[in-house]
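Trainee: First the structure, which I've put down as structure tokens, then a few questions once you've had a look.
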Amino acid sequence: MARPVEAGSDAVCVYCSEQIRFSARLKARKVIANVYVEGRWDRVEQFHEDCYERSGQAYGPARG
Ligand SMILES: [Zn+2]
């Protein structure tokens, strides 16, 4: 799901390995993907919204 990046975020984008920085000016958004392994929740991965698109929507369409 796509969410605004909150101030103080220190998440790192899985796709480009750069920090997902808060920007009030750019209204940055990130995609949070729940990753399931063998049907069980395993981890959360975070992407810049643009990176998620470039990744071919690795975990399906971002909703919300
Ligand atoms: Zn990125």
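Letters A, B, ... mark the chains of the structure tokens in the order given; residue numbers begin at 1 per chain; ligand numbers begin at 1, in order shown.
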With only C-alpha atoms and all ligand atoms counted, collect every polymer residue having an atom within 12 Å of ligand 1; state the result as a count of residues only.

Mentor: 27

Trainee: As an mmCIF file with all heavy atoms, in the first residue's frame, please: every residue in chain A that DSSP puts in alpha helix (DSSP H).

Mentor:
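Wrote it out as out_35.cif, contents follow:
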```
data_model
loop_
_atom_site.group_PDB
_atom_site.id
_atom_site.type_symbol
_atom_site.label_atom_id
_atom_site.label_comp_id
_atom_site.auth_asym_id
_atom_site.auth_seq_id
_atom_site.Cartn_x
_atom_site.Cartn_y
_atom_site.Cartn_z
ATOM 1 N N GLU A 49 7.857 5.202 -3.940
ATOM 2 C CA GLU A 49 6.728 4.885 -4.819
ATOM 3 C C GLU A 49 7.213 4.661 -6.258
ATOM 4 O O GLU A 49 6.785 3.726 -6.935
ATOM 5 C CB GLU A 49 5.693 6.005 -4.774
ATOM 6 C CG GLU A 49 4.371 5.610 -5.403
ATOM 7 C CD GLU A 49 3.268 6.597 -5.101
ATOM 8 O OE1 GLU A 49 3.527 7.811 -5.131
ATOM 9 O OE2 GLU A 49 2.139 6.147 -4.834
ATOM 10 N N ASP A 50 8.126 5.512 -6.712
ATOM 11 C CA ASP A 50 8.644 5.361 -8.076
ATOM 12 C C ASP A 50 9.408 4.050 -8.240
ATOM 13 O O ASP A 50 9.324 3.393 -9.279
ATOM 14 C CB ASP A 50 9.586 6.523 -8.436
ATOM 15 C CG ASP A 50 8.822 7.825 -8.641
ATOM 16 O OD1 ASP A 50 7.575 7.789 -8.702
ATOM 17 O OD2 ASP A 50 9.486 8.867 -8.726
ATOM 18 N N CYS A 51 10.171 3.687 -7.224
ATOM 19 C CA CYS A 51 10.946 2.445 -7.299
ATOM 20 C C CYS A 51 10.018 1.238 -7.359
ATOM 21 O O CYS A 51 10.327 0.253 -8.022
ATOM 22 C CB CYS A 51 11.877 2.329 -6.103
ATOM 23 S SG CYS A 51 13.264 3.471 -6.178
ATOM 24 N N TYR A 52 8.910 1.339 -6.661
ATOM 25 C CA TYR A 52 7.987 0.219 -6.689
ATOM 26 C C TYR A 52 7.443 0.020 -8.094
ATOM 27 O O TYR A 52 7.332 -1.111 -8.580
ATOM 28 C CB TYR A 52 6.844 0.432 -5.691
ATOM 29 C CG TYR A 52 6.041 -0.831 -5.480
ATOM 30 C CD1 TYR A 52 6.617 -1.914 -4.827
ATOM 31 C CD2 TYR A 52 4.753 -0.947 -5.953
ATOM 32 C CE1 TYR A 52 5.905 -3.093 -4.657
ATOM 33 C CE2 TYR A 52 4.034 -2.116 -5.781
ATOM 34 C CZ TYR A 52 4.613 -3.184 -5.134
ATOM 35 O OH TYR A 52 3.909 -4.346 -4.981
ATOM 36 N N GLU A 53 7.152 1.122 -8.746
ATOM 37 C CA GLU A 53 6.708 1.023 -10.138
ATOM 38 C C GLU A 53 7.803 0.412 -11.001
ATOM 39 O O GLU A 53 7.549 -0.457 -11.831
ATOM 40 C CB GLU A 53 6.336 2.416 -10.672
ATOM 41 C CG GLU A 53 5.127 3.038 -9.994
ATOM 42 C CD GLU A 53 3.843 2.275 -10.282
ATOM 43 O OE1 GLU A 53 3.712 1.712 -11.369
ATOM 44 O OE2 GLU A 53 2.984 2.243 -9.384
ATOM 45 N N ARG A 54 9.048 0.854 -10.798
ATOM 46 C CA ARG A 54 10.160 0.344 -11.604
ATOM 47 C C ARG A 54 10.404 -1.134 -11.341
ATOM 48 O O ARG A 54 10.920 -1.853 -12.208
ATOM 49 C CB ARG A 54 11.444 1.131 -11.301
ATOM 50 C CG ARG A 54 11.451 2.494 -11.941
ATOM 51 C CD ARG A 54 12.810 3.166 -11.812
ATOM 52 N NE ARG A 54 12.641 4.616 -11.845
ATOM 53 C CZ ARG A 54 12.820 5.414 -10.798
ATOM 54 N NH1 ARG A 54 13.251 4.932 -9.651
ATOM 55 N NH2 ARG A 54 12.616 6.695 -10.906
#
```

Trainee: Need the shell around Tyr59 (chain A): protein/DNA/RNA residues with any atom at most 9 Å away, counting only C-alpha atoms. Skip same-chain ones fewer than 3 positions apart. Format as a ChimeraX atom specification?

Mentor: /A:33-35,52,56,62

Trainee: Interatomic distance between CA of Arg25 (chain A) and CA of Val44 (chain A)?

Mentor: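 It comes out at 26.3 Å.
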
Trainee: For the strand (DSSP E) assignment from backbone DSSP, which residues of region 27-64 of chain A qualify? Please present them as a list in words.

Mentor: Arg29, Lys30, Val31, Ile32, Ala33, Asn34, Val35, Tyr36, Val37, Arg40, Trp41, Asp42, Arg43, Val44, Glu45, Gln46, Phe47 and His48 of chain A

Trainee: Please determine, counting only C-alpha atoms, which residue among A:Tyr36, A:Asp10, A:Val5, A:Trp41 has the shortest atom-to-atom distance to Ala24 (chain A).

Mentor: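 Counting only C-alpha atoms, the residue closest to Ala24 (chain A) is A:Val5.
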
Trainee: Interatomic distance between CA of Glu6 (chain A) and CA of Phe22 (chain A)?

Mentor: 5.8 Å
